[in-house]
Amino acid sequence: MIIHANVLNYLIALAVAIILALALRLPLLPDKPMRDSWTVSAIFPTAVLAIGFYAMAYELGYQGYIVALIIGIITALFAKFILEKLVPRPETEESHE
Amino acid sequence: MNEIVGIVLAAIISWLNFVLIDTWMGLPESPGVKGAEVIGRSVKKRGGDLAGGFFQGNIVCSPDASAGTLLASIACYAIGTPEGGLIAAVLVYFGNRLCADPGYAGTTGALSITVIIFLTSFIGFKVEYFIVGMVLAILTIQGLYHTGASRLLGKLAKKMGRYTKLT
């Protein structure tokens with residue numbers, strides 16, 4: 001199987017998204033215990049979204065360092081300002097204890 | 001590689017991938033939504049294990065590592081590796097958030113199977129083996145014998161320290 005993605009472009013999108021997310025005061029990691037945390041952080045989901053969005057752009061024919069850079073910036077802004085409005089956390093969390 | 005052998009091995013790999021990630025992410029600990037609780041209690045009433053029932057309920061009610069594994073396999077087949085898997089991870093994440101789930105299990109499952117598909121491609125595994133394999137893997141949990149599967153999942157949850165505290 002041939003890996004035809006440019007690994008460096010993914011790394012650029014990833015790094016730019018994480019750095020900008022941290023600059024926008026998102027925490028590096030979610031609160032502990034992480035598996036129950038709804039906190040939007042630089043690693044999750046910002047980093048995952050950045051490489052996913054770059055993969056979408058790549059498949060649509062937009063490739064290169066500049067595209068990766070722009071995707072990284074857009075992803076960080078999206079995670080900080082839009083994500084929680086688009087897919088909000090559940091309003092009432094039931095206690096099962 | 002022989003197709004049948006490949007599918008059987010892919011089913012085992014997929015099963016381990018999604019069951020271990022889902023258990024690690026705490027699916028047996030508590031039901032994420034009401035529907036998962038109903039399924040868990042129903043499985044227990046029929047002689048199954050409550051934690052295993054919650055696991056089964058949770059993977060029905062939101063796209064966890066099982067859905068992540070299947071969707072990433074399909075996307076890798078349709079779009080290519082690794083782009084398909086990465087796109088699937090994003091879609092699974094949004095699916096999770098829509099289902100009142102923070103999304104760790106689904107995205108982790110999608111990303112891990114993408115890595116596995118890439119690595120196993122060097123020893124002759126085709127992506128389609130993982131699509132069929134994952135369907136078979138999920139059949140063993142949800143389609144054959146609920147109570148038996150829930151007991152196995154419950155034992156695994158105990159070993160991994162993720163057994164439910166609910167009664």
# chains A, B, ... in the order shown; residues from 1 in each chain; ligands from 1
call {"tool": "residues_around", "arguments": {"residues": "B:Ala89", "least_positions_apart": "2", "cutoff": "10 Å", "atoms": "only C-alpha atoms", "output": "PDB file with N, CA, C and O atoms, in the first residue's frame"}}
result
ATOM      1  N   VAL A  48      -6.807  16.232  16.876  1.00  0.00           N
ATOM      2  CA  VAL A  48      -7.486  15.214  16.058  1.00  0.00           C
ATOM      3  C   VAL A  48      -8.250  15.886  14.915  1.00  0.00           C
ATOM      4  O   VAL A  48      -8.207  15.447  13.756  1.00  0.00           O
ATOM      5  N   LEU A  49      -8.933  16.989  15.241  1.00  0.00           N
ATOM      6  CA  LEU A  49      -9.682  17.714  14.218  1.00  0.00           C
ATOM      7  C   LEU A  49      -8.733  18.287  13.161  1.00  0.00           C
ATOM      8  O   LEU A  49      -9.047  18.274  11.964  1.00  0.00           O
ATOM      9  N   ILE A  51      -5.772  17.202  11.997  1.00  0.00           N
ATOM     10  CA  ILE A  51      -5.313  16.238  10.988  1.00  0.00           C
ATOM     11  C   ILE A  51      -6.495  15.712  10.157  1.00  0.00           C
ATOM     12  O   ILE A  51      -6.346  15.443   8.972  1.00  0.00           O
ATOM     13  N   GLY A  52      -7.663  15.610  10.776  1.00  0.00           N
ATOM     14  CA  GLY A  52      -8.850  15.181  10.031  1.00  0.00           C
ATOM     15  C   GLY A  52      -9.267  16.211   8.993  1.00  0.00           C
ATOM     16  O   GLY A  52      -9.570  15.869   7.851  1.00  0.00           O
TER      17      GLY A  52
ATOM     18  N   GLY B  68     -16.021   3.442  15.504  1.00  0.00           N
ATOM     19  CA  GLY B  68     -14.796   4.067  15.002  1.00  0.00           C
ATOM     20  C   GLY B  68     -13.985   3.090  14.176  1.00  0.00           C
ATOM     21  O   GLY B  68     -13.495   3.424  13.100  1.00  0.00           O
ATOM     22  N   THR B  69     -13.879   1.847  14.671  1.00  0.00           N
ATOM     23  CA  THR B  69     -13.114   0.822  13.958  1.00  0.00           C
ATOM     24  C   THR B  69     -13.753   0.504  12.610  1.00  0.00           C
ATOM     25  O   THR B  69     -13.071   0.444  11.587  1.00  0.00           O
ATOM     26  N   LEU B  71     -16.028   2.351  10.843  1.00  0.00           N
ATOM     27  CA  LEU B  71     -16.069   3.498   9.929  1.00  0.00           C
ATOM     28  C   LEU B  71     -14.686   3.817   9.370  1.00  0.00           C
ATOM     29  O   LEU B  71     -14.551   4.159   8.195  1.00  0.00           O
ATOM     30  N   ALA B  72     -13.650   3.701  10.210  1.00  0.00           N
ATOM     31  CA  ALA B  72     -12.296   3.974   9.720  1.00  0.00           C
ATOM     32  C   ALA B  72     -11.894   2.929   8.677  1.00  0.00           C
ATOM     33  O   ALA B  72     -11.260   3.276   7.676  1.00  0.00           O
ATOM     34  N   ALA B  75     -13.769   3.852   5.540  1.00  0.00           N
ATOM     35  CA  ALA B  75     -13.235   5.083   4.954  1.00  0.00           C
ATOM     36  C   ALA B  75     -11.852   4.850   4.346  1.00  0.00           C
ATOM     37  O   ALA B  75     -11.541   5.411   3.286  1.00  0.00           O
ATOM     38  N   GLU B  83      -5.806   8.916   4.953  1.00  0.00           N
ATOM     39  CA  GLU B  83      -6.801  10.013   4.931  1.00  0.00           C
ATOM     40  C   GLU B  83      -8.181   9.548   5.385  1.00  0.00           C
ATOM     41  O   GLU B  83      -8.859  10.238   6.142  1.00  0.00           O
ATOM     42  N   GLY B  84      -8.599   8.370   4.891  1.00  0.00           N
ATOM     43  CA  GLY B  84      -9.921   7.868   5.251  1.00  0.00           C
ATOM     44  C   GLY B  84     -10.095   7.729   6.751  1.00  0.00           C
ATOM     45  O   GLY B  84     -11.107   8.149   7.316  1.00  0.00           O
ATOM     46  N   GLY B  85      -9.088   7.142   7.402  1.00  0.00           N
ATOM     47  CA  GLY B  85      -9.161   6.937   8.844  1.00  0.00           C
ATOM     48  C   GLY B  85      -9.205   8.247   9.608  1.00  0.00           C
ATOM     49  O   GLY B  85      -9.919   8.373  10.612  1.00  0.00           O
ATOM     50  N   LEU B  86      -8.432   9.230   9.145  1.00  0.00           N
ATOM     51  CA  LEU B  86      -8.396  10.529   9.828  1.00  0.00           C
ATOM     52  C   LEU B  86      -9.728  11.266   9.657  1.00  0.00           C
ATOM     53  O   LEU B  86     -10.234  11.888  10.602  1.00  0.00           O
ATOM     54  N   ILE B  87     -10.293  11.178   8.461  1.00  0.00           N
ATOM     55  CA  ILE B  87     -11.600  11.801   8.220  1.00  0.00           C
ATOM     56  C   ILE B  87     -12.669  11.086   9.060  1.00  0.00           C
ATOM     57  O   ILE B  87     -13.532  11.726   9.677  1.00  0.00           O
ATOM     58  N   LEU B  91     -15.428  12.565  11.848  1.00  0.00           N
ATOM     59  CA  LEU B  91     -16.875  12.329  11.747  1.00  0.00           C
ATOM     60  C   LEU B  91     -17.396  11.581  12.978  1.00  0.00           C
ATOM     61  O   LEU B  91     -18.476  11.887  13.490  1.00  0.00           O
ATOM     62  N   VAL B  92     -16.615  10.607  13.459  1.00  0.00           N
ATOM     63  CA  VAL B  92     -17.014   9.870  14.660  1.00  0.00           C
ATOM     64  C   VAL B  92     -17.047  10.811  15.864  1.00  0.00           C
ATOM     65  O   VAL B  92     -17.949  10.729  16.704  1.00  0.00           O
ATOM     66  N   TYR B  93     -16.081  11.734  15.930  1.00  0.00           N
ATOM     67  CA  TYR B  93     -16.066  12.685  17.048  1.00  0.00           C
ATOM     68  C   TYR B  93     -17.367  13.505  17.079  1.00  0.00           C
ATOM     69  O   TYR B  93     -17.999  13.640  18.129  1.00  0.00           O
ATOM     70  N   PHE B  94     -17.755  14.041  15.912  1.00  0.00           N
ATOM     71  CA  PHE B  94     -18.998  14.837  15.878  1.00  0.00           C
ATOM     72  C   PHE B  94     -20.220  13.954  16.178  1.00  0.00           C
ATOM     73  O   PHE B  94     -21.149  14.387  16.860  1.00  0.00           O
ATOM     74  N   GLY B  95     -20.194  12.717  15.691  1.00  0.00           N
ATOM     75  CA  GLY B  95     -21.270  11.778  16.004  1.00  0.00           C
ATOM     76  C   GLY B  95     -21.381  11.528  17.496  1.00  0.00           C
ATOM     77  O   GLY B  95     -22.468  11.501  18.062  1.00  0.00           O
ATOM     78  N   GLY B 103     -16.445  11.563  23.372  1.00  0.00           N
ATOM     79  CA  GLY B 103     -15.837  11.192  22.096  1.00  0.00           C
ATOM     80  C   GLY B 103     -14.446  10.577  22.130  1.00  0.00           C
ATOM     81  O   GLY B 103     -13.852  10.376  21.070  1.00  0.00           O
ATOM     82  N   GLY B 106     -14.443   6.642  20.562  1.00  0.00           N
ATOM     83  CA  GLY B 106     -14.662   6.564  19.110  1.00  0.00           C
ATOM     84  C   GLY B 106     -13.463   7.034  18.305  1.00  0.00           C
ATOM     85  O   GLY B 106     -13.005   6.350  17.382  1.00  0.00           O
ATOM     86  N   THR B 107     -12.932   8.208  18.670  1.00  0.00           N
ATOM     87  CA  THR B 107     -11.801   8.749  17.910  1.00  0.00           C
ATOM     88  C   THR B 107     -10.544   7.898  18.120  1.00  0.00           C
ATOM     89  O   THR B 107      -9.806   7.649  17.169  1.00  0.00           O
ATOM     90  N   THR B 108     -10.334   7.430  19.361  1.00  0.00           N
ATOM     91  CA  THR B 108      -9.163   6.577  19.615  1.00  0.00           C
ATOM     92  C   THR B 108      -9.256   5.291  18.795  1.00  0.00           C
ATOM     93  O   THR B 108      -8.263   4.853  18.192  1.00  0.00           O
ATOM     94  N   GLY B 109     -10.449   4.701  18.761  1.00  0.00           N
ATOM     95  CA  GLY B 109     -10.645   3.475  17.984  1.00  0.00           C
ATOM     96  C   GLY B 109     -10.387   3.695  16.500  1.00  0.00           C
ATOM     97  O   GLY B 109      -9.737   2.875  15.842  1.00  0.00           O
ATOM     98  N   ALA B 110     -10.892   4.814  15.973  1.00  0.00           N
ATOM     99  CA  ALA B 110     -10.704   5.107  14.545  1.00  0.00           C
ATOM    100  C   ALA B 110      -9.221   5.326  14.223  1.00  0.00           C
ATOM    101  O   ALA B 110      -8.703   4.808  13.224  1.00  0.00           O
ATOM    102  N   LEU B 111      -8.534   6.071  15.084  1.00  0.00           N
ATOM    103  CA  LEU B 111      -7.113   6.349  14.821  1.00  0.00           C
ATOM    104  C   LEU B 111      -6.262   5.092  14.994  1.00  0.00           C
ATOM    105  O   LEU B 111      -5.353   4.840  14.200  1.00  0.00           O
ATOM    106  N   SER B 112      -6.582   4.277  16.017  1.00  0.00           N
ATOM    107  CA  SER B 112      -5.751   3.084  16.242  1.00  0.00           C
ATOM    108  C   SER B 112      -5.925   2.073  15.112  1.00  0.00           C
ATOM    109  O   SER B 112      -4.952   1.474  14.665  1.00  0.00           O
ATOM    110  N   THR B 114      -6.635   2.757  12.075  1.00  0.00           N
ATOM    111  CA  THR B 114      -5.941   3.315  10.902  1.00  0.00           C
ATOM    112  C   THR B 114      -4.455   2.948  10.943  1.00  0.00           C
ATOM    113  O   THR B 114      -3.881   2.536   9.928  1.00  0.00           O
TER     114      THR B 114
END
call {"tool": "closest_atom_pairs", "arguments": {"of": "chain B", "to": "chain A", "cutoff": "10 Å", "atoms": "only C-alpha atoms", "output": "CSV"}}
result
residue,atom,partner,partner_atom,distance
B:Trp24,CA,A:Arg35,CA,8.7
B:Met25,CA,A:Arg35,CA,5.6
B:Gly26,CA,A:Arg35,CA,7.0
B:Leu27,CA,A:Arg35,CA,9.5
B:Ser30,CA,A:His96,CA,7.4
B:Pro31,CA,A:His96,CA,8.4
B:Gly32,CA,A:Glu94,CA,8.9
B:Val33,CA,A:Glu94,CA,8.5
B:Lys34,CA,A:Glu94,CA,9.2
B:Glu37,CA,A:His96,CA,9.9
B:Ile79,CA,A:Glu59,CA,8.0
B:Gly80,CA,A:Ile3,CA,8.4
B:Thr81,CA,A:Ile3,CA,6.5
B:Pro82,CA,A:Ile3,CA,7.2
B:Glu83,CA,A:Ala55,CA,5.0
B:Gly84,CA,A:Ala55,CA,7.7
B:Gly85,CA,A:Gly52,CA,8.3
B:Leu86,CA,A:Gly52,CA,4.7
B:Ile87,CA,A:Gly52,CA,4.7
B:Ala88,CA,A:Gly52,CA,7.8
B:Ala89,CA,A:Gly52,CA,6.9
B:Val90,CA,A:Gly52,CA,5.6
B:Leu91,CA,A:Gly52,CA,8.7
B:Tyr93,CA,A:Pro45,CA,8.1
B:Phe94,CA,A:Val87,CA,7.4
B:Gly95,CA,A:Val87,CA,9.4
B:Asn96,CA,A:Val87,CA,9.5
B:Arg97,CA,A:Val87,CA,5.9
B:Leu98,CA,A:Val87,CA,6.3
B:Cys99,CA,A:Pro90,CA,8.9
B:Ala100,CA,A:Pro90,CA,5.7
B:Asp101,CA,A:Arg89,CA,8.2
B:Pro102,CA,A:Trp38,CA,5.6
B:Gly103,CA,A:Arg35,CA,8.6
B:Tyr104,CA,A:Arg35,CA,6.4
B:Ala105,CA,A:Arg35,CA,8.1
B:Thr107,CA,A:Val48,CA,8.0
B:Thr108,CA,A:Val48,CA,9.5
B:Leu111,CA,A:Val48,CA,9.0
B:Ile117,CA,A:Met1,CA,9.9
B:Phe118,CA,A:Met1,CA,7.8
B:Leu119,CA,A:Met1,CA,9.8
B:Thr120,CA,A:Met1,CA,9.9
B:Ser121,CA,A:Met1,CA,6.3
B:Phe122,CA,A:Met1,CA,7.4
B:Gly124,CA,A:Met1,CA,9.3
B:Phe125,CA,A:Met1,CA,9.8
B:Lys126,CA,A:Met1,CA,8.9
B:Val127,CA,A:Met1,CA,9.9
B:Lys165,CA,A:Glu97,CA,7.8
B:Leu166,CA,A:Glu97,CA,6.8
B:Thr167,CA,A:Glu97,CA,9.6
call {"tool": "select_by_dssp", "arguments": {"residues": "stretch 89-156 of chain B", "states": "helix (DSSP H, G or I)", "output": "number ranges by chain"}}
result
B: 89-98, 104-123, 127-142, 146-156
call {"tool": "closest_residue", "arguments": {"among": "B:Ala78, B:Ser73, B:Glu29, B:Ala137", "to": "B:Ser14", "atoms": "only C-alpha atoms"}}
result
B:Ala137
call {"tool": "residues_around", "arguments": {"residues": "stretch 21-25 of chain A", "least_positions_apart": "3", "cutoff": "9 Å", "atoms": "only C-alpha atoms", "output": "list in words"}}
result
Val16, Ala17, Ile18, Leu28, Ser41, Ala42, Ile43, Thr46, Ile73, Thr75, Ala76, Leu77, Ala79 and Lys80 of chain A
call {"tool": "write_last_selection", "arguments": {"atoms": "N, CA, C and O atoms", "output": "PDB file, in the first residue's frame"}}
result
ATOM      1  N   VAL A  16       0.572  23.740  14.369  1.00  0.00           N
ATOM      2  CA  VAL A  16      -0.029  25.082  14.352  1.00  0.00           C
ATOM      3  C   VAL A  16      -1.312  25.087  15.188  1.00  0.00           C
ATOM      4  O   VAL A  16      -1.544  26.010  15.983  1.00  0.00           O
ATOM      5  N   ALA A  17      -2.130  24.032  15.030  1.00  0.00           N
ATOM      6  CA  ALA A  17      -3.395  23.962  15.779  1.00  0.00           C
ATOM      7  C   ALA A  17      -3.125  23.902  17.281  1.00  0.00           C
ATOM      8  O   ALA A  17      -3.780  24.605  18.066  1.00  0.00           O
ATOM      9  N   ILE A  18      -2.164  23.079  17.690  1.00  0.00           N
ATOM     10  CA  ILE A  18      -1.871  22.940  19.129  1.00  0.00           C
ATOM     11  C   ILE A  18      -1.307  24.245  19.695  1.00  0.00           C
ATOM     12  O   ILE A  18      -1.748  24.726  20.746  1.00  0.00           O
ATOM     13  N   LEU A  28      -3.799  22.175  27.720  1.00  0.00           N
ATOM     14  CA  LEU A  28      -3.109  21.193  26.869  1.00  0.00           C
ATOM     15  C   LEU A  28      -3.865  19.877  26.829  1.00  0.00           C
ATOM     16  O   LEU A  28      -4.045  19.277  25.773  1.00  0.00           O
ATOM     17  N   SER A  41      -9.629  20.749  24.713  1.00  0.00           N
ATOM     18  CA  SER A  41      -8.216  21.036  24.976  1.00  0.00           C
ATOM     19  C   SER A  41      -7.424  21.046  23.672  1.00  0.00           C
ATOM     20  O   SER A  41      -7.958  20.740  22.598  1.00  0.00           O
ATOM     21  N   ALA A  42      -6.131  21.378  23.790  1.00  0.00           N
ATOM     22  CA  ALA A  42      -5.289  21.482  22.591  1.00  0.00           C
ATOM     23  C   ALA A  42      -5.035  20.112  21.958  1.00  0.00           C
ATOM     24  O   ALA A  42      -4.980  19.985  20.736  1.00  0.00           O
ATOM     25  N   ILE A  43      -4.896  19.075  22.800  1.00  0.00           N
ATOM     26  CA  ILE A  43      -4.620  17.740  22.258  1.00  0.00           C
ATOM     27  C   ILE A  43      -5.913  17.070  21.785  1.00  0.00           C
ATOM     28  O   ILE A  43      -5.982  16.527  20.690  1.00  0.00           O
ATOM     29  N   THR A  46      -8.695  19.244  19.501  1.00  0.00           N
ATOM     30  CA  THR A  46      -8.133  20.152  18.495  1.00  0.00           C
ATOM     31  C   THR A  46      -7.144  19.446  17.556  1.00  0.00           C
ATOM     32  O   THR A  46      -7.234  19.587  16.330  1.00  0.00           O
ATOM     33  N   ILE A  73      -4.742  26.923  11.746  1.00  0.00           N
ATOM     34  CA  ILE A  73      -5.289  28.154  12.345  1.00  0.00           C
ATOM     35  C   ILE A  73      -6.810  28.051  12.474  1.00  0.00           C
ATOM     36  O   ILE A  73      -7.379  28.324  13.539  1.00  0.00           O
ATOM     37  N   THR A  75      -8.685  25.409  12.577  1.00  0.00           N
ATOM     38  CA  THR A  75      -9.080  24.380  13.552  1.00  0.00           C
ATOM     39  C   THR A  75      -9.009  24.912  14.981  1.00  0.00           C
ATOM     40  O   THR A  75      -9.916  24.679  15.789  1.00  0.00           O
ATOM     41  N   ALA A  76      -7.919  25.613  15.297  1.00  0.00           N
ATOM     42  CA  ALA A  76      -7.774  26.149  16.660  1.00  0.00           C
ATOM     43  C   ALA A  76      -8.878  27.159  16.965  1.00  0.00           C
ATOM     44  O   ALA A  76      -9.485  27.136  18.040  1.00  0.00           O
ATOM     45  N   LEU A  77      -9.162  28.041  15.996  1.00  0.00           N
ATOM     46  CA  LEU A  77     -10.237  29.036  16.178  1.00  0.00           C
ATOM     47  C   LEU A  77     -11.588  28.326  16.313  1.00  0.00           C
ATOM     48  O   LEU A  77     -12.417  28.692  17.152  1.00  0.00           O
ATOM     49  N   ALA A  79     -12.121  25.250  17.407  1.00  0.00           N
ATOM     50  CA  ALA A  79     -12.202  24.560  18.700  1.00  0.00           C
ATOM     51  C   ALA A  79     -12.483  25.542  19.833  1.00  0.00           C
ATOM     52  O   ALA A  79     -13.223  25.242  20.762  1.00  0.00           O
ATOM     53  N   LYS A  80     -11.890  26.731  19.735  1.00  0.00           N
ATOM     54  CA  LYS A  80     -12.049  27.704  20.816  1.00  0.00           C
ATOM     55  C   LYS A  80     -13.434  28.370  20.799  1.00  0.00           C
ATOM     56  O   LYS A  80     -14.081  28.509  21.830  1.00  0.00           O
TER      57      LYS A  80
END
call {"tool": "closest_residue", "arguments": {"among": "B:Ser66, B:Thr23, B:Asn2, B:Asn17", "to": "B:Gly161", "atoms": "only C-alpha atoms"}}
result
B:Thr23
call {"tool": "atom_distance", "arguments": {"atom1": "atom CA of B:Ala157", "atom2": "atom CA of B:Leu20"}}
result
9.1 Å
call {"tool": "residues_around", "arguments": {"residues": "B:Gly53", "least_positions_apart": "6", "cutoff": "9 Å", "atoms": "only C-alpha atoms", "output": "list of chain:residue names"}}
result
B:Pro28, B:Ala36, B:Glu37, B:Ile39, B:Gly40, B:Arg41, B:Ser42, B:Val43, B:Lys44, B:His146, B:Thr147, B:Ala149, B:Ser150, B:Arg151, B:Leu153, B:Gly154
call {"tool": "atom_distance", "arguments": {"atom1": "atom CA of B:Leu9", "atom2": "atom CA of B:Asp49"}}
result
27.5 Å
